[in-house]
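**Q** What follows is coords06.txt, compact mmCIF, C-alpha atoms.
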# COMPACT_ATOMS: atom_id res chain seq x y z
CA MET A 1 -21.90 9.78 0.72
CA LYS A 2 -25.22 10.79 2.22
CA LYS A 3 -23.33 12.51 5.00
CA LEU A 4 -21.31 14.53 2.53
CA LEU A 5 -24.45 15.63 0.73
CA LEU A 6 -26.05 16.63 4.00
CA THR A 7 -22.98 18.61 4.93
CA SER A 8 -23.09 20.36 1.57
CA VAL A 9 -26.76 21.20 2.04
CA ALA A 10 -26.07 22.51 5.53
CA LEU A 11 -23.20 24.56 4.16
CA LEU A 12 -25.44 26.03 1.49
CA LEU A 13 -28.04 27.00 4.04
CA ALA A 14 -25.46 28.59 6.29
CA MET A 15 -23.65 30.50 3.56
CA PRO A 16 -25.17 33.94 4.17
CA ALA A 17 -23.78 34.00 7.72
CA VAL A 18 -20.39 32.87 6.50
CA GLN A 19 -20.39 35.47 3.77
CA ALA A 20 -20.80 38.22 6.31
CA GLN A 21 -17.18 37.82 7.37
CA PRO A 22 -15.02 40.26 5.44
CA ALA A 23 -12.01 39.17 3.44
CA ASN A 24 -12.81 35.49 3.81
CA PRO A 25 -15.30 34.91 1.03
CA ALA A 26 -15.07 31.16 1.25
CA PRO A 27 -13.76 28.84 3.90
CA THR A 28 -10.26 27.61 3.12
CA ILE A 29 -10.41 24.32 4.95
CA ALA A 30 -13.28 21.88 4.70
CA PRO A 31 -15.85 22.08 7.49
CA PRO A 32 -15.04 20.34 10.77
CA PRO A 33 -16.31 16.81 11.22
CA THR A 34 -19.87 16.19 12.29
CA ALA A 35 -20.69 14.52 15.61
CA ASP A 36 -21.01 11.16 13.82
CA GLU A 37 -17.69 11.61 12.05
CA MET A 38 -16.03 12.42 15.36
CA LYS A 39 -16.93 8.97 16.66
CA LEU A 40 -15.13 7.18 13.83
CA PRO A 41 -11.59 5.92 14.18
CA ARG A 42 -8.97 8.53 13.32
CA PRO A 43 -6.43 7.10 10.95
CA ALA A 44 -2.98 8.63 10.83
CA ARG A 45 -1.85 10.28 7.65
CA ALA A 46 -0.94 8.15 4.67
CA ARG A 47 2.72 7.69 3.73
CA GLY A 48 4.47 11.02 3.60
CA ILE A 49 7.67 12.89 4.32
CA PRO A 50 8.56 14.00 7.87
CA THR A 51 7.02 17.27 9.03
CA ALA A 52 10.43 18.90 9.52
CA LEU A 53 11.40 18.23 5.89
CA ALA A 54 8.02 19.51 4.72
CA ILE A 55 8.47 22.78 6.62
CA GLU A 56 11.97 23.17 5.19
CA ALA A 57 10.85 22.57 1.60
CA ALA A 58 7.76 24.78 1.82
CA THR A 59 9.75 27.61 3.38
CA GLU A 60 12.39 27.33 0.65
CA ALA A 61 9.75 27.41 -2.09
CA ASN A 62 8.16 30.54 -0.64
CA ARG A 63 11.60 32.12 -0.25
CA VAL A 64 12.55 31.48 -3.88
CA CYS A 65 9.22 32.84 -5.10
CA LEU A 66 9.57 35.92 -2.92
CA GLY A 67 13.01 36.45 -4.44
CA ASN A 68 11.17 36.68 -7.75
CA THR A 69 8.72 39.13 -6.06
CA TYR A 70 5.91 36.56 -5.80
CA LYS A 71 4.01 36.05 -2.55
CA THR A 72 2.95 32.44 -2.47
CA THR A 73 1.47 29.60 -0.48
CA ALA A 74 3.36 26.30 -0.42
CA MET A 75 1.57 23.08 0.44
CA ILE A 76 2.98 19.63 1.03
CA THR A 77 0.61 16.71 1.41
CA ASP A 78 0.97 13.04 2.18
CA ALA A 79 0.40 10.41 -0.52
CA ALA A 80 -3.38 10.75 -0.05
CA GLY A 81 -3.54 14.53 -0.39
CA VAL A 82 -3.84 15.34 3.31
CA PRO A 83 -1.79 18.45 4.13
CA ILE A 84 1.33 18.00 6.24
CA VAL A 85 2.17 21.69 5.96
CA VAL A 86 0.51 24.70 4.41
CA ILE A 87 2.64 27.83 4.71
CA SER A 88 1.31 31.03 3.28
CA ASN A 89 3.90 33.74 2.90
CA ASP A 90 3.45 37.33 4.05
CA GLY A 91 1.04 39.10 1.74
CA ALA A 92 -0.10 36.03 -0.17
CA ALA A 93 -3.62 36.02 -1.59
CA ALA A 94 -6.21 34.23 0.52
CA VAL A 95 -7.32 32.06 -2.39
CA THR A 96 -3.90 30.48 -2.93
CA GLN A 97 -4.37 27.73 -0.36
CA ARG A 98 -7.37 26.37 -2.20
CA ILE A 99 -5.71 26.68 -5.60
CA ALA A 100 -2.66 24.83 -4.27
CA MET A 101 -4.92 21.99 -3.18
CA SER A 102 -6.49 21.79 -6.65
CA LYS A 103 -3.00 21.32 -8.09
CA VAL A 104 -2.33 18.59 -5.54
CA GLN A 105 -5.51 16.84 -6.60
CA ALA A 106 -4.46 16.96 -10.26
CA VAL A 107 -1.16 15.25 -9.39
CA LEU A 108 -2.87 12.63 -7.23
CA LYS A 109 -5.50 11.74 -9.78
CA TYR A 110 -3.36 11.62 -12.89
CA LYS A 111 0.04 10.66 -11.43
CA MET A 112 1.84 13.38 -13.32
CA THR A 113 2.85 16.95 -12.59
CA SER A 114 -0.04 19.41 -12.62
CA GLY A 115 1.79 21.19 -15.44
CA GLU A 116 1.62 17.98 -17.49
CA VAL A 117 -2.08 17.73 -16.68
CA ALA A 118 -2.51 21.32 -17.90
CA ALA A 119 -0.58 20.59 -21.11
CA LYS A 120 -2.67 17.51 -21.77
CA ALA A 121 -5.88 19.47 -21.13
CA ALA A 122 -4.77 22.12 -23.60
CA ALA A 123 -4.36 19.50 -26.32
CA ASP A 124 -7.28 17.20 -25.47
CA PRO A 125 -10.78 18.71 -25.14
CA ALA A 126 -12.29 15.52 -23.69
CA PHE A 127 -9.62 15.44 -20.99
CA LYS A 128 -10.09 19.13 -20.33
CA ALA A 129 -13.84 18.54 -19.85
CA GLU A 130 -13.10 15.70 -17.43
CA VAL A 131 -10.87 17.95 -15.37
CA ALA A 132 -13.43 20.76 -15.45
CA ALA A 133 -16.13 18.38 -14.20
CA ASN A 134 -14.02 17.46 -11.17
CA PRO A 135 -14.77 20.05 -8.49
CA LEU A 136 -11.57 19.18 -6.66
CA ILE A 137 -9.48 20.25 -9.65
CA ASP A 138 -11.73 22.43 -11.82
CA THR A 139 -8.88 23.82 -13.89
CA ALA A 140 -5.49 22.22 -14.45
CA ARG A 141 -2.74 24.57 -13.35
CA GLN A 142 1.02 24.13 -13.35
CA GLY A 143 2.88 24.32 -10.04
CA ALA A 144 2.52 20.94 -8.30
CA VAL A 145 4.81 17.95 -8.58
CA PRO A 146 4.84 14.50 -7.03
CA ILE A 147 7.35 13.85 -4.25
CA LEU A 148 9.03 10.59 -5.17
CA ALA A 149 10.99 8.13 -3.07
CA GLY A 150 12.47 5.97 -5.79
CA ALA A 151 9.43 5.06 -7.90
CA ASP A 152 6.90 5.58 -5.10
CA MET A 153 4.85 8.73 -4.84
CA VAL A 154 5.05 9.62 -1.15
CA GLY A 155 3.49 13.05 -1.33
CA VAL A 156 2.65 16.08 -3.42
CA PHE A 157 4.19 19.54 -3.35
CA ALA A 158 2.28 22.55 -4.69
CA VAL A 159 2.88 26.28 -4.89
CA SER A 160 0.29 28.91 -5.77
CA GLY A 161 0.48 32.68 -5.93
CA ALA A 162 2.90 33.61 -8.71
CA PRO A 163 1.34 35.14 -11.83
CA GLY A 164 1.52 31.94 -13.83
CA GLY A 165 1.89 28.26 -13.01
CA ASP A 166 5.27 28.09 -14.72
CA LYS A 167 6.56 30.63 -12.20
CA ASP A 168 5.00 28.64 -9.33
CA GLU A 169 6.69 25.47 -10.53
CA VAL A 170 10.14 27.07 -10.43
CA CYS A 171 9.63 27.52 -6.69
CA THR A 172 8.15 24.06 -6.15
CA LYS A 173 11.14 22.47 -7.82
CA ALA A 174 13.58 24.62 -5.85
CA GLY A 175 11.89 23.61 -2.59
CA LEU A 176 11.92 19.96 -3.54
CA ALA A 177 15.56 20.09 -4.61
CA LYS A 178 16.46 21.26 -1.12
CA ILE A 179 15.14 18.04 0.48
CA GLN A 180 15.04 15.41 -2.28
CA SER A 181 18.21 13.59 -1.19
CA ARG A 182 16.65 13.07 2.25
CA VAL A 183 13.26 11.79 1.03
CA GLN A 184 12.87 8.10 1.72
CA MET B 1 -22.93 34.91 -3.29
CA LYS B 2 -24.57 33.47 -6.37
CA LYS B 3 -21.23 32.18 -7.57
CA THR B 4 -20.63 30.46 -4.25
CA LEU B 5 -24.05 28.88 -4.37
CA LEU B 6 -23.48 27.69 -7.91
CA ALA B 7 -20.12 26.27 -6.97
CA SER B 8 -21.64 24.50 -3.98
CA ALA B 9 -24.46 23.16 -6.11
CA ALA B 10 -21.97 21.96 -8.70
CA LEU B 11 -20.00 20.28 -5.97
CA MET B 12 -23.07 18.46 -4.72
CA LEU B 13 -23.97 17.25 -8.19
CA ALA B 14 -20.46 16.13 -8.93
CA LEU B 15 -19.76 14.43 -5.63
CA PRO B 16 -21.03 10.93 -6.44
CA ALA B 17 -18.61 10.60 -9.34
CA PHE B 18 -15.64 11.70 -7.28
CA ALA B 19 -16.43 10.24 -3.89
CA GLN B 20 -13.39 7.99 -4.17
CA ASP B 21 -11.08 10.90 -4.78
CA LEU B 22 -12.53 13.24 -2.24
CA SER B 23 -9.86 14.70 -0.10
CA PRO B 24 -11.87 16.59 2.44
CA THR B 25 -9.21 18.61 4.21
CA MET B 26 -9.20 21.74 2.09
CA ALA B 27 -12.18 23.45 0.51
CA PRO B 28 -12.51 22.97 -3.25
CA PRO B 29 -10.81 25.47 -5.56
CA PRO B 30 -12.78 28.46 -6.76
CA ALA B 31 -14.59 27.93 -10.06
CA ASP B 32 -13.58 31.33 -11.35
CA THR B 33 -10.15 32.65 -10.49
CA SER B 34 -10.14 35.55 -12.92
CA GLY B 35 -11.34 38.09 -10.35
CA PRO B 36 -9.21 40.06 -7.93
CA ARG B 37 -7.39 38.02 -5.32
CA PRO B 38 -7.45 39.83 -2.00
CA HIS B 39 -4.55 39.28 0.34
CA ARG B 40 -5.08 37.62 3.63
CA ALA B 41 -6.66 39.83 6.27
CA VAL B 42 -4.66 41.35 9.11
CA GLY B 43 -2.47 38.69 10.63
CA ILE B 44 0.92 37.92 12.12
CA THR B 45 3.94 37.32 9.92
CA THR B 46 4.49 33.91 8.36
CA ASP B 47 7.75 33.38 10.26
CA LEU B 48 5.99 33.90 13.59
CA ALA B 49 3.09 31.67 12.56
CA VAL B 50 5.44 28.83 11.65
CA GLU B 51 7.43 29.32 14.88
CA ALA B 52 4.28 29.22 17.03
CA ALA B 53 2.88 26.18 15.24
CA MET B 54 6.15 24.27 15.59
CA ALA B 55 6.35 25.20 19.29
CA ALA B 56 2.79 24.02 19.92
CA ASN B 57 3.41 20.73 18.11
CA ALA B 58 6.69 20.21 19.96
CA TYR B 59 5.04 20.91 23.32
CA CYS B 60 2.38 18.30 22.65
CA ALA B 61 4.96 15.79 21.38
CA ALA B 62 7.04 16.24 24.53
CA MET B 63 4.13 15.41 26.84
CA PRO B 64 4.13 11.95 28.46
CA LYS B 65 1.82 10.50 25.83
CA ASN B 66 3.76 12.06 22.93
CA TYR B 67 0.74 13.58 21.23
CA ARG B 68 0.99 14.10 17.49
CA VAL B 69 -1.13 17.11 16.77
CA THR B 70 -1.92 19.61 14.06
CA THR B 71 -1.55 23.32 14.77
CA LEU B 72 -3.30 25.90 12.65
CA VAL B 73 -2.36 29.58 12.85
CA THR B 74 -4.74 31.83 10.95
CA ASP B 75 -5.17 35.50 10.17
CA SER B 76 -7.94 37.50 11.82
CA THR B 77 -10.58 35.99 9.50
CA ALA B 78 -9.58 32.33 9.91
CA VAL B 79 -7.58 32.09 6.67
CA PRO B 80 -4.61 29.80 7.37
CA ILE B 81 -1.12 31.29 7.55
CA ALA B 82 0.53 28.10 8.77
CA LEU B 83 -0.99 24.65 9.07
CA ILE B 84 1.52 22.17 10.40
CA SER B 85 0.70 18.58 11.18
CA TYR B 86 3.20 16.65 13.29
CA ASP B 87 4.61 13.36 12.02
CA ASN B 88 1.82 10.81 11.77
CA GLY B 89 -0.85 13.16 13.07
CA ALA B 90 -4.43 12.00 12.49
CA GLN B 91 -5.75 13.24 9.18
CA ILE B 92 -8.95 14.66 10.65
CA THR B 93 -7.14 17.10 12.94
CA GLN B 94 -6.70 19.80 10.30
CA ARG B 95 -10.45 20.16 9.94
CA ILE B 96 -11.09 20.02 13.68
CA ALA B 97 -8.53 22.77 14.20
CA PHE B 98 -10.29 24.89 11.59
CA GLY B 99 -13.60 24.53 13.44
CA LYS B 100 -11.89 25.96 16.53
CA ALA B 101 -10.50 28.88 14.54
CA ASN B 102 -13.98 29.68 13.30
CA ILE B 103 -15.28 29.80 16.89
CA VAL B 104 -12.55 32.24 17.92
CA VAL B 105 -13.11 34.52 14.93
CA LYS B 106 -16.91 34.50 15.09
CA TYR B 107 -17.37 34.82 18.84
CA LYS B 108 -14.13 36.57 19.81
CA MET B 109 -13.52 34.12 22.60
CA ARG B 110 -11.30 31.18 23.41
CA SER B 111 -12.90 27.96 22.21
CA THR B 112 -12.45 26.66 25.77
CA ASP B 113 -14.75 29.44 26.94
CA ALA B 114 -17.20 28.51 24.19
CA VAL B 115 -17.23 24.95 25.57
CA GLU B 116 -18.14 26.29 29.01
CA LYS B 117 -20.78 28.65 27.60
CA ALA B 118 -22.37 25.86 25.55
CA LYS B 119 -22.77 23.76 28.72
CA THR B 120 -25.19 26.23 30.27
CA ASP B 121 -26.58 28.05 27.22
CA ALA B 122 -28.69 25.75 25.07
CA ALA B 123 -29.35 28.42 22.45
CA PHE B 124 -25.62 29.04 22.02
CA LYS B 125 -24.97 25.32 21.75
CA ALA B 126 -27.68 25.01 19.08
CA GLU B 127 -26.24 27.96 17.20
CA LEU B 128 -22.81 26.32 17.11
CA ALA B 129 -24.32 23.02 15.99
CA ALA B 130 -26.18 24.76 13.16
CA ASN B 131 -22.99 26.37 11.86
CA PRO B 132 -21.25 23.83 9.60
CA LEU B 133 -17.97 25.67 10.01
CA ILE B 134 -18.08 25.06 13.75
CA VAL B 135 -20.45 22.12 14.54
CA ALA B 136 -19.39 21.89 18.18
CA ALA B 137 -17.34 23.79 20.73
CA ARG B 138 -14.01 22.11 21.37
CA PRO B 139 -11.11 23.41 23.47
CA GLY B 140 -7.81 24.32 21.85
CA GLY B 141 -8.59 27.46 19.84
CA ASN B 142 -7.20 30.77 21.06
CA PRO B 143 -7.19 34.35 19.85
CA ILE B 144 -3.90 36.05 19.09
CA MET B 145 -4.32 39.54 20.49
CA MET B 146 -2.42 42.77 20.13
CA GLY B 147 -3.90 45.01 22.75
CA ASP B 148 -7.64 44.83 22.19
CA GLN B 149 -7.35 43.75 18.57
CA LEU B 150 -7.81 40.16 17.48
CA VAL B 151 -5.08 39.68 14.90
CA GLY B 152 -5.29 35.93 14.44
CA THR B 153 -5.95 32.56 15.99
CA ILE B 154 -3.86 29.58 17.08
CA ASN B 155 -5.58 26.23 17.24
CA VAL B 156 -4.45 22.73 18.15
CA SER B 157 -6.19 19.42 17.54
CA GLY B 158 -5.04 15.89 18.20
CA THR B 159 -4.87 15.10 21.91
CA PRO B 160 -7.68 12.68 22.75
CA ASP B 161 -7.80 13.60 26.43
CA GLY B 162 -8.01 17.35 26.65
CA HIS B 163 -4.50 18.76 26.25
CA ASP B 164 -4.99 20.69 23.00
CA ASP B 165 -5.37 24.00 24.78
CA GLU B 166 -2.12 23.68 26.74
CA CYS B 167 -0.22 23.08 23.53
CA ALA B 168 -1.88 26.02 21.78
CA MET B 169 -1.02 28.28 24.72
CA ALA B 170 2.58 27.05 24.63
CA GLY B 171 2.77 27.96 20.97
CA LEU B 172 1.29 31.39 21.65
CA ALA B 173 3.66 31.98 24.56
CA LYS B 174 6.60 31.48 22.21
CA ILE B 175 5.64 34.49 20.08
CA LYS B 176 3.34 36.73 22.08
CA ASP B 177 6.02 39.20 23.13
CA LYS B 178 7.26 39.79 19.60
CA LEU B 179 4.08 39.94 17.50
CA LYS B 180 4.41 41.67 14.17
CA LEU B 181 1.56 42.28 11.79
CA ILE B 182 1.18 41.98 8.06
CA GLN B 183 -1.84 43.78 6.67
If you convert what's in this file into structure tokens, what do you get?

**A**
Amino acid sequence: MKKLLLTSVALLLAMPAVQAQPANPAPTIAPPPTADEMKLPRPARARGIPTALAIEAATEANRVCLGNTYKTTAMITDAAGVPIVVISNDGAAAVTQRIAMSKVQAVLKYKMTSGEVAAKAAADPAFKAEVAANPLIDTARQGAVPILAGADMVGVFAVSGAPGGDKDEVCTKAGLAKIQSRVQ
Amino acid sequence: MKKTLLASAALMLALPAFAQDLSPTMAPPPADTSGPRPHRAVGITTDLAVEAAMAANAYCAAMPKNYRVTTLVTDSTAVPIALISYDNGAQITQRIAFGKANIVVKYKMRSTDAVEKAKTDAAFKAELAANPLIVAARPGGNPIMMGDQLVGTINVSGTPDGHDDECAMAGLAKIKDKLKLIQ
């Protein structure tokens, strides 16, 4: 915990230099590990689908969205939210990777689609406040679904970039449909 | 700037409550997404990025120790185009790869060269250490060049004994004669 806080403080102090880079207003991926973190054991990913399937599904989701004129980022994570693939289509907005991850976090935390989280937040102010107070989610947005092997959640699949989460989810579901029969 | 600071401050305050859920690979979402959403900066096409990343991962996997690595291909400002982690890759490799991309973009050099420079240049080493987006120079990050223009980076992380750079170069070799840009 202390290490995370220190990293955040260091990040705050270093922000002006980072900001100087054009077109990358905020880092997309979390900062690299500190020297101490590098010495720790390096666990493999949690349970997840094979990389080849993840590439296939993410590519299909981006393709379907592009067919609807939307330039998107598709992200597939393992069961713990660690990315297996992030594929950002030509012309996608730079912020979509981070928004996709927030949808993944909504699925992981509440074990429902991020669209269901958004619907619940719309109807339940206390729940909405809880989501808003979670910096990893911030706002519930449709577009991410759990990847299920039977009853087990083995990963999360998110799309961001269409003008509306409902339009993102169409692509997520199309990508997942392409591989679902091979998910074990 | 102020918004970023506020978001960072909010993150710090909120961290204790969510420490259990913290998934540190990607940066947190923006607090306000109502503003304009700029496209990625100049970079290679997504198809090429995926092809290069898969080639780098496959090269590492085919080595005698069957390394399972993560390859990150970014645009010219270190925004990811393709991040692909091989089956059962270590979950820290995505972030390590990003640190290498930040070296390439900031210093316009291969991260391998940054490693060498840091060995003899204490001020440079200290500068890297003070940058939380870099922390330390590590080999395996390479610029993608078109002529004199840096149009992206390709970065590999995951070999424990110094083969990241070979795999990154193998990925780059797969695409370097057919680079196409997306602005």

**Q** Rounded to one decimal place, report the atom CA of B:Ala82-atom CA of B:Ser34 distance in Å.

**A**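 A separation of 25.3 Å between them.
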
**Q** List as an MDAnalysis selection string the protein and nucleic acid residues near B:Val104, meaning an atom at most 9 Å away when only C-alpha atoms are counted, but skip any in the same chain fewer than 2 places from it.

**A** chainID B and resid 78 99:102 106:111 114 141:143 152:153

**Q** Residues of chain B no more than 7 Å from chain A, counting only C-alpha atoms: send them over as an MDAnalysis selection string.

**A** chainID B and resid 5 8 11:12 14 23:29 31 37:41 45:46 77 79 81:92 95:96 98:99 131:135 182

**Q** What is the distance, in Å and to one decimal place, between atom CA of B:Gln149 and atom CA of A:Tyr70?

**A**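 Distance between the two atoms: 28.7 Å.
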
**Q** List every protein, DNA or RNA residue that has at least one atom no more than 7 Å from (14.1, 6.5, 1.7) in the file's coordinates, counting only C-alpha atoms, and write the result as a compact mmCIF listing (two decimals) with C-alpha atoms, in the frame of the given file.

**A**
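Output below, filename selection_27.txt:
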# COMPACT_ATOMS: atom_id res chain seq x y z
CA ALA A 149 10.99 8.13 -3.07
CA VAL A 183 13.26 11.79 1.03
CA GLN A 184 12.87 8.10 1.72
